[in-house]
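As structure tokens, the structure follows; a few thoughts come after it.
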Amino acid sequence: MFLQAFAIGKGGEVFVLDMGKPVKIVDLATNLILLSGLQPHRDIKIQFTGLRPGEKLFEELNLHDEHLAATSHAQIKSYNGSFQLNAKQMRAYLHELQRISDAQDIGRLLVLLKELIPEYNPGSQLLQAALSTQLSHAEPGAILSTAVQARGSMAVGHAPAKLMN
């Protein structure tokens, strides 16, 4: 099916392959052990370790603004999303991502990713890392000044000295 999707593609499409009903990993492991001539739980232990950071119980196949379109193959669908970039825009974003990566600026990275992918929600560990990086590189008063400006309360260059103590 992968080769058929490759043949259908014109360049840049995202395809979803209907692979049939889901298979439980424990069933797959059990069958592989049995096919090897061994007994599960006797010869080979199956251990459940739980979710590791970044793992999910299920995968979202599409976003709210993406729609599946039929292709010439009944089990292959193509995404039609509202977000489109031309080559020039993509190069500009990639260049900015390279600059952010070179500067190791986690905060700017998160802002750009959120701009590109509004549904993106970074985990708390990444947000904490971005915040600690921002705090360690900030000049005294800069964080408070930025927070005040963001709230629209007043435009301030630096926080008053008595707030700094």
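Starting from 1 in every chain, residues are counted up; chains themselves are A, B, ... following the order of the structure tokens, and ligands are numbered from 1 as listed.
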
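For Thr30 in chain A, the list of residues within 12 Å, based on only C-alpha atoms and with local chain neighbours fewer than 2 positions off taken out, reads Val23, Lys24, Ile25, Val26, Asp27, Leu28, Leu32, Ile33, Leu34, Leu35, Ser36, Gly37, Leu38, Gln39, Pro40, His41, Arg42, Asp43, Ile44, Lys45, Ile46 and Gln47 of chain A.
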
Quick one: write out the picked residues with N, CA, C and O atoms as a short mmCIF file (atom, residue, chain, number, x, y, z; two decimals), in the first residue's frame?
```cif
data_model
loop_
_atom_site.label_atom_id
_atom_site.label_comp_id
_atom_site.auth_asym_id
_atom_site.auth_seq_id
_atom_site.Cartn_x
_atom_site.Cartn_y
_atom_site.Cartn_z
N VAL A 23 -4.26 -3.69 16.02
CA VAL A 23 -3.73 -4.90 16.63
C VAL A 23 -3.09 -4.50 17.96
O VAL A 23 -2.31 -3.56 18.03
N LYS A 24 -3.42 -5.22 19.02
CA LYS A 24 -2.82 -4.96 20.32
C LYS A 24 -1.38 -5.45 20.31
O LYS A 24 -1.08 -6.54 19.82
N ILE A 25 -0.50 -4.63 20.86
CA ILE A 25 0.92 -4.99 20.90
C ILE A 25 1.14 -6.29 21.69
O ILE A 25 1.95 -7.12 21.30
N VAL A 26 0.39 -6.49 22.76
CA VAL A 26 0.55 -7.70 23.55
C VAL A 26 0.17 -8.94 22.71
O VAL A 26 0.82 -9.99 22.82
N ASP A 27 -0.85 -8.82 21.87
CA ASP A 27 -1.23 -9.93 21.00
C ASP A 27 -0.14 -10.20 19.95
O ASP A 27 0.18 -11.35 19.65
N LEU A 28 0.43 -9.13 19.43
CA LEU A 28 1.51 -9.26 18.45
C LEU A 28 2.71 -9.96 19.09
O LEU A 28 3.30 -10.89 18.52
N LEU A 32 4.28 -13.65 18.10
CA LEU A 32 5.68 -13.79 17.69
C LEU A 32 6.40 -14.82 18.55
O LEU A 32 7.21 -15.62 18.05
N ILE A 33 6.13 -14.81 19.85
CA ILE A 33 6.74 -15.80 20.75
C ILE A 33 6.28 -17.20 20.38
O ILE A 33 7.09 -18.14 20.28
N LEU A 34 4.97 -17.36 20.16
CA LEU A 34 4.43 -18.68 19.80
C LEU A 34 4.98 -19.15 18.46
O LEU A 34 5.33 -20.33 18.30
N LEU A 35 5.08 -18.25 17.48
CA LEU A 35 5.63 -18.63 16.17
C LEU A 35 7.10 -19.02 16.24
O LEU A 35 7.62 -19.71 15.36
N SER A 36 7.78 -18.56 17.28
CA SER A 36 9.19 -18.92 17.48
C SER A 36 9.34 -20.26 18.19
O SER A 36 10.46 -20.70 18.48
N GLY A 37 8.20 -20.90 18.52
CA GLY A 37 8.24 -22.19 19.19
C GLY A 37 8.43 -22.10 20.69
O GLY A 37 8.76 -23.08 21.34
N LEU A 38 8.22 -20.92 21.25
CA LEU A 38 8.39 -20.71 22.68
C LEU A 38 7.04 -20.41 23.33
O LEU A 38 6.05 -20.21 22.63
N GLN A 39 7.02 -20.39 24.65
CA GLN A 39 5.79 -20.13 25.39
C GLN A 39 5.88 -18.75 26.06
O GLN A 39 6.84 -18.50 26.80
N PRO A 40 4.86 -17.92 25.81
CA PRO A 40 4.85 -16.62 26.50
C PRO A 40 4.75 -16.81 28.00
O PRO A 40 4.11 -17.74 28.48
N HIS A 41 5.40 -15.93 28.74
CA HIS A 41 5.40 -15.90 30.20
C HIS A 41 6.17 -17.06 30.83
O HIS A 41 6.40 -17.06 32.03
N ARG A 42 6.53 -18.08 30.05
CA ARG A 42 7.35 -19.16 30.58
C ARG A 42 8.77 -19.01 30.02
O ARG A 42 9.72 -18.87 30.77
N ASP A 43 8.87 -19.02 28.68
CA ASP A 43 10.18 -18.89 28.03
C ASP A 43 10.59 -17.42 27.87
O ASP A 43 11.77 -17.09 27.99
N ILE A 44 9.63 -16.61 27.56
CA ILE A 44 9.88 -15.17 27.38
C ILE A 44 8.82 -14.39 28.14
O ILE A 44 7.62 -14.60 27.93
N LYS A 45 9.30 -13.52 29.00
CA LYS A 45 8.40 -12.71 29.81
C LYS A 45 7.95 -11.49 29.00
O LYS A 45 8.75 -10.85 28.34
N ILE A 46 6.65 -11.19 29.07
CA ILE A 46 6.12 -9.96 28.47
C ILE A 46 5.93 -8.98 29.61
O ILE A 46 5.19 -9.25 30.56
N GLN A 47 6.64 -7.86 29.53
CA GLN A 47 6.62 -6.89 30.62
C GLN A 47 5.93 -5.61 30.16
O GLN A 47 6.22 -5.08 29.09
#
```

task = Would you please give, as a PyMOL selection string, all residues of range 1-154 of chain A that DSSP assigns to helix (DSSP H, G or I) based on the backbone?
result = chain A and resi 2-8+25-35+87-103+106-116+124-137+142-151

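For the residues A:Lys114, A:Arg99, A:Arg108, A:His73, ranking by smallest atom-to-atom distance to Leu3 in chain A using only C-alpha atoms places A:His73 first.
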
Residues near Leu113 in chain A, cut-off 12 Å, only C-alpha atoms, skip fewer than 3 positions along chain, as a count of residues only = 17

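Minimum atom-to-atom distances from A:Leu112, A:Ile76, A:Leu85, A:Leu131 to Phe6 in chain A were compared using only C-alpha atoms, and the lowest value belongs to A:Ile76.
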
ask   = range 13-20 of chain A: which residues within 6 Å, counting only C-alpha atoms, same-chain residues fewer than 3 positions away excluded, as number ranges by chain?
value = A: 75-79

Please dump the current selection as a PDB file, in the first residue's frame; keep C-alpha atoms.
```
ATOM      1  CA  GLN A  75      -7.679   2.341   1.289  1.00  0.00           C
ATOM      2  CA  ILE A  76      -5.589   5.479   0.707  1.00  0.00           C
ATOM      3  CA  LYS A  77      -6.872   8.932   1.651  1.00  0.00           C
ATOM      4  CA  SER A  78      -5.176  12.301   1.258  1.00  0.00           C
ATOM      5  CA  TYR A  79      -5.294  15.235   3.683  1.00  0.00           C
TER       6      TYR A  79
END
```

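Here CA of His67 in chain A is placed at a distance of 21.0 Å from CA of Lys21 in chain A.
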
note = Pairwise distance, CA of Gln125 in chain A with CA of Val111 in chain A, equals 15.6 Å
